[in-house]
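Just below is one structure, and these are the notes that go with it.
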Amino acid sequence: MPRVLSLRLSPDGSRLVSVVQALAPDGRSYGTSIWAVPVEPGGEAYRLTRSAKGETGAEFTADGDVLFVSRRPDPTAEDEPEDGAAALWLLPAAGGEARKVAGRPGGVTGVRSGGGTVVFGADVLDGDAATEGDRRRTRKEGGVSAILHEGYPVRFWDQDLGPGRTRLFAARLPGLAEPRDLTPDPGGALLEASFAVTPDGGEVVTTWRVALPAGRSRSELVAVSTSTGERRVLVAGDDTDFTGPVAVSPDGRHVAFVRESHGTEERAPEFSLLIAVLATGEVVARADDLIPAGLAWAADSSAVFAAGDHHGRRPIFRVRLQGEAERLTAGDDSYQELSASPDGRYLYALRSSLGRPPAPVRVTLDGGEVAELASPAPALEIPGTLTEVTAVADDGAEIRGWLALPAGASEHDPAPLLLWIHGGPIASWSDWMWRWNPWIMAEHGYAVLMPDPCMSTGYGQEMIQRGWGDWGPRTHADLMAITDACVARPDVDAGRTAVMGGSFGGYMANWVAGHTGRFKAVVTHASLWNLDQFAGTTDWSMYWQREFGEPGSERYHRLSPHNSLSEITSPMLVIHGDKDYRVPIGEALRLWWDLRRSSVESKFLYFPDENHWILKPGNIVAWYETVLAFLAQHVLGEEWKRPESLG
């Protein structure tokens, strides 16, 4: 199915564009393109761009032109290499062909605009940006791939950091000639930066990571002049990160962003949406326990709209400059990619749920009514039903979740149960998933339980605090309570159950395997196995050290699943990608050897070219076929059949 990834509204409110991902004709990769979406119900979405390299990062200029990033070849350039770096392109609002407007030897990584100014990120080697092209060619021709690091981190998710670093460049429309290097010596300050340009184009407001002693860091919010590069700090604090999304009000007076306190061994991080005066950094409004997946300012700058987790949904909230957060949308849906119309009547967004993939909608601000818009992707009929379930944990807390039931599940034909544990651990089951999709499992007859145990978002700070520093025991108790409630249902088969999890969910799958034999199979993906080993090899060690303390401490030992190896009796399927830097492959290699030397029935599905997620179409098929075959053997009692995709 095509996947609708983004939604942007033109400044005059007359046009919507979306980046859409779809399977390439060869079936071996995904391609992206930009589509137009009608702003009124009815009509049809239609494709705006076509190229073999695809287009991403669609953004409108003040004049309604569309900026995007692409590796497509420039027909006006001579001797351009086939593997050219991603560049910035402009598609005129009046029609006609897109043209390349800016580029860098290391590629363009993102774009924002305001007034007549365009700001984009680019990967640049340390030193003079003007000589970068020559220096990159020298490295390539000399066969040099080595990177000398003098700070932390050295990897991030699936990226080997360096030798270049992200910088911000600014240029003026219409030609974007000679972009100015706004951040000539940023170090690692712009790693995973979120930025926005002020309406007059005079400043770019961005997150800015500050390196601290002992490998630690914190993130500030800064404003950088697009004409001089002068940088001023808006908001900063010890043991605090100020992060994105970042949104500047239409009148240019305020900026909205997120505050996250650093966790400690005793206290979980706390999240707030903040609104500050752009000129001074003074915070004038806040909404605690709100972690926005998207932000958009009202046209009159009186409030900011934020989509945030709430009890397994992600509704839209309105946060006024003076006052508390007010819920705008009802129902079980989740929203992202927000844009407010300039007439103050509507909010445009992508709407989804665990039972519905993202599609564009229009929300009426006076009343919250939601109207569907034409989507670049067809509607999907799910093969079952989605039911909300709850249970009471041993400490009296209510644990809720979603249960995807296959069509036909009944008292006379109960469905086998798959317990799916989400990652994070600070996260929630609240949205459609392309990577782990419960409806594929439902189509094969399984009921899928997706609970929100301790440390899940959308339930207030206390829910996160319940599991902080007590990952395995507290989360296990919550999961078993809601599993017990589900297997008591007449349409669920209590005798045929399995547990699956990825990332933190994989950690919990390993923990569950070592603390109960009730499940007939365990699938553990990108999982943590030896906490002390993990904490020193992951790409973001300082984050986990805040919670677990110095390496070798009692907490590492108490909460590490590998200490319960001798108690594992359930068959286990281990899955891991070699390019996973968040949970390095060493966790799977150690787990696999421990299972083999302990004679636990197990298999290892290894992806040499995948990361924390399995993203390539062929590998996705292999993932599902292997998981389903493993479950069929151990949950359904069928004979093992090696997946065809694995040859």
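Here's how to read the names in the structure tokens: chain A, B, ... by the order shown, residue numbers from 1 in each chain, ligand numbers from 1 in the order shown.
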
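Considering only segment 526-561 of chain A, backbone DSSP assigns helix (DSSP H, G or I) to Leu531, Asp532, Gln533, Phe534, Ala535, Gly536, Thr537, Ser541, Met542, Tyr543, Trp544, Gln545, Arg546, Glu547, Phe548, Glu554, Arg555, Tyr556, His557, Arg558, Leu559 and Pro561 of chain A.
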
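Backbone DSSP over segment 149-209 of chain A gives strand (DSSP E or B) for A:Arg155, A:Phe156, A:Gln159, A:Asp160, A:Gly164, A:Arg165, A:Thr166, A:Arg167, A:Leu168, A:Phe169, A:Ala170, A:Ala171, A:Arg172, A:Arg180, A:Asp181, A:Phe195, A:Ala196, A:Val197, A:Glu203, A:Val204, A:Val205, A:Thr206, A:Thr207, A:Trp208, A:Arg209.
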
Q: Do a neighbour search on Trp434 of chain A at 12 Å with only C-alpha atoms, toss out local chain neighbours closer than 5 positions, and write the hits as a ChimeraX atom specification.
A: /A:1-5,21,352-358,439-440,613-615,617,620

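Distances from A:Ala211, A:Ala45, A:Thr109, A:Gln322 to Ser70 of chain A were compared using only C-alpha atoms, and the smallest one belongs to A:Thr109.
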
Q. In Å, how far is it from atom CA of Asn530 of chain A to atom CA of Arg590 of chain A?
A. 8.0 Å

Q | Distance query segment 630-634 of chain A at most 8 Å, only C-alpha atoms, self and fewer than 4 positions along chain excluded, as a PyMOL selection string | A | chain A and resi 498+520-521+571+573+626+638-640

Using 10 Å as the limit and counting only C-alpha atoms, can you tabulate each residue of segment 397-488 of chain A that touches segment 549-563 of chain A, with its shortest atom-to-atom distance in Å and the two atoms involved, as a tab-separated table?
residue	atom	partner	partner_atom	distance
A:Gly469	CA	A:Arg555	CA	7.5
A:Asp470	CA	A:Leu559	CA	7.2
A:Trp471	CA	A:Leu559	CA	6.8
A:Gly472	CA	A:Leu559	CA	6.0
A:Pro473	CA	A:Leu559	CA	8.0

Export C-alpha atoms of the chosen residues as a compact mmCIF listing (two decimals), in the first residue's frame?
# COMPACT_ATOMS: atom_id res chain seq x y z
CA GLY A 469 14.40 1.94 37.37
CA ASP A 470 12.20 -1.13 37.76
CA TRP A 471 11.83 -2.16 34.12
CA GLY A 472 11.47 -5.92 34.33
CA PRO A 473 9.50 -6.59 37.53
